[in-house]
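Below is one structure; the comments refer to it alone.
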Amino acid sequence: MPPHQANGLPAGHEADDYFHTNPPPKALSSHQSLAREFIQYHLENSPRRKVVLVTSGGTTVPLENQTVRFIDNFSAGTRGATSAEYFLQEGYAVIFLHRQFSLLPYSRHYSHSTNCFLDFMDEAEDGRVIVRKEYQDKMRRVLQQYHHAKDNRLLLLLPFTTVTDYLFELRSLAVIMQPLGNRALFYLAAAVSDFFIPRERMEEHKIQSRDNDAGGQGSGASRQLVVNLDPVPKFLSTLVQSWAPKGSMIVSFKLETNPSLLVSKAEQALKRYHHDLVIGNLLSTRKWEVVFVTSDGEERWIRVPKARRSKSISGVEELVGKAERKHGMEHVDLEGGTVTEG
Ligand code: PAZ
C-alpha cells in the first residue's frame with residue numbers, strides 16, 4: 001500500500017495532481033534531451049560507470065506568475081557542488097541539478113569567494129594576463145580536474161529556479177535514469193521548499209502595495225500582505241516507489257536547527273520513504289559535522305576536527321562524497337585519522 005499524506009491522498013496521486021496543476025519549466029524538454037544523451041553515452045561507452053544525480057541549492061517560491069517577488073532559502077549550493085567534485089574524483093558521472101547561479105563544481109573555488117575573480121589575476125611585464133603566483137598551484141589542480149570532467153563528458157549541469165521547476169526536473173531525470181538500474185545514485189542535497197503557492201491562487205502581476213488606484217495609504221492592516229501557502233507534496237516516496245530505477249541508491253539530506261529533532265526526523269524520513277540513507281545536518285554546524293542515519297538503525301557522526309575547519313573548505317563533503325557504494329559507509333576513508341567519528 002502506498003503511504004498516505006496528511007490530506008489522505010496516496011503520495012502518488014498527490015504528486016500526479018501537482019504535475020497537472022502546475023506548469024513545467026520552459027527548459028524541461030531540452031534538459032530531458034541532454035540527460036538522455038548523457039546517460040546513453042555512458043551506457044554505451046563505459047558500461048561499469050555509475051551515474052549520480054546530485055541536487056543542489058535552494059528552491060524559490062514565486063509570489064506572482066510574472067515574478068517580481070519570491071520566497072527563498074539560505075542554501076548557496078556548497079554541499080552539492082563540493083560533493084559533486086568528490087563523486088567525479090571517485091569515477092562517477094554526475095548530473096548536477098542546481099539552482100541557477102548557485103555554486104558549481106570547480107568554478108566554486110573562484111566564483112562566490114570573498115575575492116573577486118580578478119584578484120586571482122595579474123598582468124605580466126609583456127602585457128599578458130596571468131594567474132598570480134600564489135594561486136597557480138591550486139588553480140592548476142582545479143583546472144586539470146575540470147578539464148578531465150569536461151573532456152570525458154562526466155559532468156552535466158542543469159539549472160532550475162523554482163520549487164516546481166525542481167520537482168519536474170527531478171521526476172524526469174529519475175525516469176530517464178531507469179536504464180542505469182543499480183548503477184544510479186540519487187544524492188538529494190538541494191534545500192527544497194516545503195510550502196508553495198498553487199498556480200490557481202498565484203497573482204498574475206506584481207502585487208501592489210496600495211489599496212486603490214487613487215494611491216490612498218489605507219490603514220497598516222489593510223496594506224499588509226498575507227501569504228497563504230500550501231504544503232508541497234512529499235515526493236520522496238514517489239521517487240523511491242516509481243520514478244527511480246529499481247536497485248538504485250537514494251540518499252536524502254535532512255536539515256534542522258533544533259539538535260534534539262535531527263536524528264528522530266531522519267529516522268522518521270527513512271521509515272516513511274523506505275530509501276537507503278539520510279544525512280542529517282544542523283544549520284549552524286553543517287560545514288563541520290553530519291550524521292549518517294540508516295534504515296537498520298545505525299547512527300554515525302562524521303566530524304571535521306577544529307584544526308581543519310576553515311571558511312572555504314568543508315571537509316565533510318570529502319567524506320560524504322566517498323560514501324559511494326551501496327550501504328558503503330564502512331568504506332569511508334578517514335584520511336589518516338584526521339577526521340573523527342563519534
Ligand atoms: O547549500 P549549502 O551547503 O549552504 O547547504 C546544504 C544543505 C544544508 C541545504 C544540505 O546539506 C541539506 O541539508 N539539504 C536538505 C535540506 C532539507 O530540505 O532538509
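Ligands are numbered from 1 in the order shown, chains are lettered A, B, ... in the order of the C-alpha cells, and residues start at 1 in each chain.
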
Task: Within 10 Å of ligand 1, counting only C-alpha atoms and all ligand atoms, residues as a ChimeraX atom specification - done: /A:55-59,73-83,98-99,102-103,187-194,252-256,262,265-266,278-287,290,314,317

Convert the current residue selection to file output with N, CA and C atoms, as a compact mmCIF listing (two decimals), in the first residue's frame.
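Wrote it out as again_22.txt, contents follow:
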```
# COMPACT_ATOMS: atom_id res chain seq x y z
N THR A 55 21.52 16.92 -6.39
CA THR A 55 20.68 18.13 -6.43
C THR A 55 21.27 19.13 -5.44
N SER A 56 21.19 20.40 -5.78
CA SER A 56 21.97 21.37 -5.02
C SER A 56 21.34 22.77 -5.04
N GLY A 57 21.43 23.45 -3.90
CA GLY A 57 20.98 24.84 -3.84
C GLY A 57 19.52 24.95 -3.39
N GLY A 58 19.08 26.18 -3.23
CA GLY A 58 17.72 26.42 -2.73
C GLY A 58 16.70 26.50 -3.86
N THR A 59 15.43 26.33 -3.50
CA THR A 59 14.35 26.46 -4.49
C THR A 59 13.54 27.71 -4.14
N ASN A 73 15.52 30.43 0.24
CA ASN A 73 16.18 29.98 1.46
C ASN A 73 17.69 30.19 1.36
N PHE A 74 18.39 29.83 2.42
CA PHE A 74 19.79 30.22 2.59
C PHE A 74 20.77 29.47 1.69
N SER A 75 20.40 28.33 1.14
CA SER A 75 21.40 27.42 0.56
C SER A 75 22.16 28.05 -0.61
N ALA A 76 23.51 27.96 -0.53
CA ALA A 76 24.35 28.50 -1.60
C ALA A 76 24.78 27.41 -2.57
N GLY A 77 24.50 26.14 -2.21
CA GLY A 77 24.92 25.03 -3.07
C GLY A 77 26.32 24.53 -2.75
N THR A 78 26.84 24.89 -1.59
CA THR A 78 28.20 24.45 -1.24
C THR A 78 28.27 22.93 -1.12
N ARG A 79 27.32 22.36 -0.39
CA ARG A 79 27.31 20.90 -0.19
C ARG A 79 27.26 20.17 -1.53
N GLY A 80 26.33 20.58 -2.37
CA GLY A 80 26.14 19.88 -3.64
C GLY A 80 27.35 20.02 -4.55
N ALA A 81 27.84 21.26 -4.71
CA ALA A 81 28.95 21.49 -5.65
C ALA A 81 30.22 20.79 -5.17
N THR A 82 30.46 20.83 -3.87
CA THR A 82 31.67 20.20 -3.34
C THR A 82 31.56 18.68 -3.45
N SER A 83 30.41 18.14 -3.08
CA SER A 83 30.23 16.69 -3.16
C SER A 83 30.37 16.21 -4.60
N HIS A 98 21.00 21.96 -10.29
CA HIS A 98 21.33 23.01 -9.32
C HIS A 98 20.50 24.27 -9.53
N ARG A 99 20.36 25.00 -8.45
CA ARG A 99 19.72 26.32 -8.52
C ARG A 99 20.59 27.24 -9.38
N SER A 102 23.85 29.30 -8.40
CA SER A 102 24.44 28.83 -7.14
C SER A 102 25.82 28.25 -7.47
N LEU A 103 26.52 27.76 -6.46
CA LEU A 103 27.88 27.27 -6.67
C LEU A 103 27.91 26.07 -7.61
N TYR A 187 21.48 11.78 -4.84
CA TYR A 187 22.11 12.44 -3.70
C TYR A 187 21.43 13.81 -3.58
N LEU A 188 20.40 13.84 -2.74
CA LEU A 188 19.45 14.96 -2.79
C LEU A 188 19.79 16.02 -1.74
N ALA A 189 20.74 16.89 -2.10
CA ALA A 189 21.23 17.90 -1.15
C ALA A 189 20.54 19.26 -1.31
N ALA A 190 19.69 19.40 -2.32
CA ALA A 190 19.01 20.69 -2.51
C ALA A 190 18.10 20.98 -1.32
N ALA A 191 17.95 22.26 -1.02
CA ALA A 191 17.05 22.68 0.06
C ALA A 191 15.69 22.98 -0.59
N VAL A 192 14.79 22.02 -0.49
CA VAL A 192 13.53 22.10 -1.24
C VAL A 192 12.44 22.68 -0.33
N SER A 193 11.79 23.71 -0.82
CA SER A 193 10.76 24.36 0.00
C SER A 193 9.65 23.37 0.35
N ASP A 194 9.16 23.46 1.57
CA ASP A 194 8.03 22.61 1.99
C ASP A 194 6.68 23.25 1.65
N SER A 252 19.00 11.03 0.98
CA SER A 252 18.41 12.37 1.14
C SER A 252 19.12 13.09 2.28
N PHE A 253 18.97 14.38 2.32
CA PHE A 253 19.52 15.19 3.42
C PHE A 253 18.38 15.70 4.29
N LYS A 254 18.69 15.89 5.54
CA LYS A 254 17.70 16.49 6.45
C LYS A 254 18.38 17.64 7.19
N LEU A 255 17.81 18.82 7.05
CA LEU A 255 18.35 19.99 7.74
C LEU A 255 17.43 20.36 8.91
N GLU A 256 17.99 20.59 10.07
CA GLU A 256 17.22 21.10 11.20
C GLU A 256 18.02 22.21 11.88
N LEU A 262 17.00 16.34 15.14
CA LEU A 262 17.65 15.91 13.90
C LEU A 262 17.58 14.41 13.66
N LYS A 265 14.00 12.98 13.22
CA LYS A 265 13.39 13.34 11.93
C LYS A 265 14.02 12.53 10.78
N ALA A 266 15.31 12.27 10.89
CA ALA A 266 15.97 11.45 9.87
C ALA A 266 15.41 10.03 9.90
N VAL A 278 19.76 8.71 5.20
CA VAL A 278 19.51 10.15 5.41
C VAL A 278 20.77 10.73 6.04
N ILE A 279 21.25 11.81 5.45
CA ILE A 279 22.39 12.51 6.04
C ILE A 279 21.82 13.76 6.72
N GLY A 280 21.95 13.80 8.03
CA GLY A 280 21.39 14.90 8.80
C GLY A 280 22.45 15.96 9.07
N ASN A 281 22.00 17.21 9.07
CA ASN A 281 22.92 18.28 9.45
C ASN A 281 22.14 19.43 10.08
N LEU A 282 22.86 20.18 10.94
CA LEU A 282 22.27 21.35 11.59
C LEU A 282 22.76 22.60 10.88
N LEU A 283 21.88 23.59 10.79
CA LEU A 283 22.23 24.81 10.06
C LEU A 283 23.56 25.38 10.52
N SER A 284 23.75 25.45 11.85
CA SER A 284 24.91 26.16 12.38
C SER A 284 26.21 25.36 12.28
N THR A 285 26.12 24.04 12.16
CA THR A 285 27.35 23.23 12.17
C THR A 285 27.50 22.40 10.90
N ARG A 286 26.70 22.71 9.87
CA ARG A 286 26.63 21.81 8.72
C ARG A 286 27.96 21.65 7.99
N LYS A 287 28.85 22.63 8.15
CA LYS A 287 30.13 22.53 7.44
C LYS A 287 31.11 21.63 8.17
N VAL A 290 28.14 15.98 10.16
CA VAL A 290 26.88 15.42 9.64
C VAL A 290 26.66 14.09 10.35
N SER A 314 34.86 22.52 3.26
CA SER A 314 34.01 21.70 4.09
C SER A 314 34.51 20.28 3.97
N GLU A 317 32.26 17.10 3.07
CA GLU A 317 31.93 16.66 1.72
C GLU A 317 32.93 15.65 1.20
```

Could you make a table, as a Markdown table, of the residues of range 48-102 of chain A that have an atom within 12 Å of an atom of range 227-230 of chain A, each with its nearest atom pair and distance in Å to one decimal, counting only C-alpha atoms, in chain and number order?
```
| residue | atom | partner | partner_atom | distance |
| --- | --- | --- | --- | --- |
| A:Val61 | CA | A:Leu229 | CA | 9.5 |
| A:Pro62 | CA | A:Leu229 | CA | 10.8 |
| A:Leu63 | CA | A:Val227 | CA | 8.3 |
| A:Glu64 | CA | A:Val227 | CA | 11.2 |
| A:Arg69 | CA | A:Val227 | CA | 11.9 |
| A:Phe70 | CA | A:Val227 | CA | 11.0 |
| A:Ile71 | CA | A:Val227 | CA | 10.4 |
```

Okay, now the selection with C-alpha atoms, as a compact mmCIF listing (two decimals), in the first residue's frame?
```
# COMPACT_ATOMS: atom_id res chain seq x y z
CA VAL A 61 8.56 30.03 -4.22
CA PRO A 62 7.26 32.78 -6.53
CA LEU A 63 4.53 35.09 -5.22
CA GLU A 64 3.50 36.26 -8.69
CA ARG A 69 9.00 38.71 -5.55
CA PHE A 70 9.67 35.24 -4.26
CA ILE A 71 10.45 33.35 -1.06
```

Task: Point-to-point distance from CA of Pro159 in chain A to CA of Phe96 in chain A, Å rounded to tenths - done: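 About the pair CA of Pro159 in chain A and CA of Phe96 in chain A: they are 8.1 Å apart.
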
Task: A:Ser172, A:Gln89, A:Thr257, A:Thr162 ranked by distance to Ser33 in chain A, top pick (using only C-alpha atoms) - done: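 Ranked by minimum distance to Ser33 in chain A, first place goes to A:Ser172.
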
Open item on the list: DSSP on the backbone: which residues in range 28-148 of chain A end up as strand (DSSP E)? Give the answer as a PyMOL selection string.
Closed with: chain A and resi 51-56+61-62+70-71+93-99+121-123+129-131

What does the file look like for those residues with N, CA and C atoms, as a CSV table (one decimal), in the first residue's frame?
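As a result, again23.csv now contains:
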```
chain,number,residue,atom,x,y,z
A,51,VAL,N,26.3,6.5,-12.2
A,51,VAL,CA,25.9,7.9,-12.5
A,51,VAL,C,25.1,8.4,-11.3
A,52,VAL,N,25.5,9.6,-10.8
A,52,VAL,CA,24.9,10.2,-9.6
A,52,VAL,C,24.1,11.4,-10.0
A,53,LEU,N,22.9,11.5,-9.6
A,53,LEU,CA,22.2,12.8,-9.7
A,53,LEU,C,22.4,13.5,-8.4
A,54,VAL,N,23.1,14.6,-8.4
A,54,VAL,CA,23.3,15.5,-7.3
A,54,VAL,C,22.4,16.7,-7.4
A,55,THR,N,21.5,16.9,-6.4
A,55,THR,CA,20.7,18.1,-6.4
A,55,THR,C,21.3,19.1,-5.4
A,56,SER,N,21.2,20.4,-5.8
A,56,SER,CA,22.0,21.4,-5.0
A,56,SER,C,21.3,22.8,-5.0
A,61,VAL,N,10.0,30.1,-4.2
A,61,VAL,CA,8.6,30.0,-4.2
A,61,VAL,C,8.1,31.4,-4.7
A,62,PRO,N,7.7,31.5,-6.0
A,62,PRO,CA,7.3,32.8,-6.5
A,62,PRO,C,5.9,33.2,-5.9
A,70,PHE,N,9.7,36.7,-4.6
A,70,PHE,CA,9.7,35.2,-4.3
A,70,PHE,C,10.2,35.0,-2.9
A,71,ILE,N,9.9,33.8,-2.3
A,71,ILE,CA,10.4,33.4,-1.1
A,71,ILE,C,11.6,32.5,-1.4
A,93,ALA,N,29.9,9.6,-13.1
A,93,ALA,CA,29.4,10.6,-14.0
A,93,ALA,C,28.4,11.4,-13.2
A,94,VAL,N,28.3,12.7,-13.3
A,94,VAL,CA,27.5,13.5,-12.4
A,94,VAL,C,26.5,14.3,-13.2
A,95,ILE,N,25.2,14.1,-12.9
A,95,ILE,CA,24.2,15.1,-13.3
A,95,ILE,C,24.0,16.1,-12.2
A,96,PHE,N,24.3,17.3,-12.4
A,96,PHE,CA,24.3,18.3,-11.4
A,96,PHE,C,23.0,19.2,-11.5
A,97,LEU,N,22.0,18.9,-10.8
A,97,LEU,CA,20.7,19.6,-10.9
A,97,LEU,C,20.8,20.7,-9.9
A,98,HIS,N,21.0,22.0,-10.3
A,98,HIS,CA,21.3,23.0,-9.3
A,98,HIS,C,20.5,24.3,-9.5
A,99,ARG,N,20.4,25.0,-8.5
A,99,ARG,CA,19.7,26.3,-8.5
A,99,ARG,C,20.6,27.2,-9.4
A,121,MET,N,44.1,37.3,-10.7
A,121,MET,CA,44.8,37.6,-12.0
A,121,MET,C,45.9,38.7,-11.8
A,122,ASP,N,46.8,38.7,-12.7
A,122,ASP,CA,47.8,39.7,-12.7
A,122,ASP,C,48.2,40.1,-14.2
A,123,GLU,N,48.9,41.2,-14.3
A,123,GLU,CA,49.3,41.5,-15.7
A,123,GLU,C,50.9,41.3,-15.7
A,129,VAL,N,47.8,38.5,-19.6
A,129,VAL,CA,47.1,38.4,-18.3
A,129,VAL,C,47.4,37.0,-17.8
A,130,ILE,N,47.8,36.9,-16.5
A,130,ILE,CA,48.2,35.6,-16.0
A,130,ILE,C,47.6,35.4,-14.6
A,131,VAL,N,47.7,34.2,-14.1
A,131,VAL,CA,47.2,33.9,-12.7
A,131,VAL,C,48.4,34.3,-11.7
```

TODO: Write out as number ranges by chain each polymer residue whose atoms come within 9 Å of Leu154 in chain A, counting only C-alpha atoms; drop sequence neighbours fewer than 2 positions from it.
DONE: A: 38, 42, 51, 88, 91-95, 148-152, 156

TODO: Check range 199-288 of chain A with DSSP on the backbone and list each residue it calls alpha helix (DSSP H), as a PyMOL selection string.
DONE: chain A and resi 236-238+259-273

Please dump the current selection as a compact mmCIF listing (two decimals), in the first residue's frame; keep C-alpha atoms.
```
# COMPACT_ATOMS: atom_id res chain seq x y z
CA LEU A 236 10.41 11.16 -1.86
CA SER A 237 8.07 8.19 -1.61
CA THR A 238 7.04 8.57 -5.27
CA PRO A 259 19.60 19.49 17.61
CA SER A 260 17.09 17.42 19.57
CA LEU A 261 14.98 16.82 16.43
CA LEU A 262 17.65 15.91 13.90
CA VAL A 263 18.11 12.18 14.37
CA SER A 264 14.46 11.42 15.05
CA LYS A 265 13.39 13.34 11.93
CA ALA A 266 15.97 11.45 9.87
CA GLU A 267 14.68 8.12 11.23
CA GLN A 268 11.12 9.19 10.53
CA ALA A 269 12.01 10.00 6.90
CA LEU A 270 13.59 6.56 6.43
CA LYS A 271 10.54 4.81 7.89
CA ARG A 272 8.19 6.86 5.76
CA TYR A 273 10.01 6.73 2.40
```

Task: Length of the CA of Ser222 in chain A to CA of Thr60 in chain A vector [Å] - done: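 Spanning CA of Ser222 in chain A to CA of Thr60 in chain A is a straight-line distance of 26.5 Å.
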
- [ ] May I ask for the distance between CA of Asp72 in chain A and CA of Lys206 in chain A, given in Å to one decimal place?
- [x] 17.2 Å

Open item on the list: Can you tell me which residues surround Asp276 in chain A at a distance of at most 7 Å, considering only C-alpha atoms, apart from same-chain residues fewer than 2 positions away, and format the answer as a list of chain:residue names?
Closed with: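 Using only C-alpha atoms, the neighbours found are A:Met249, A:Ile250, A:Val251, A:His274, A:Thr294, A:Ser295.
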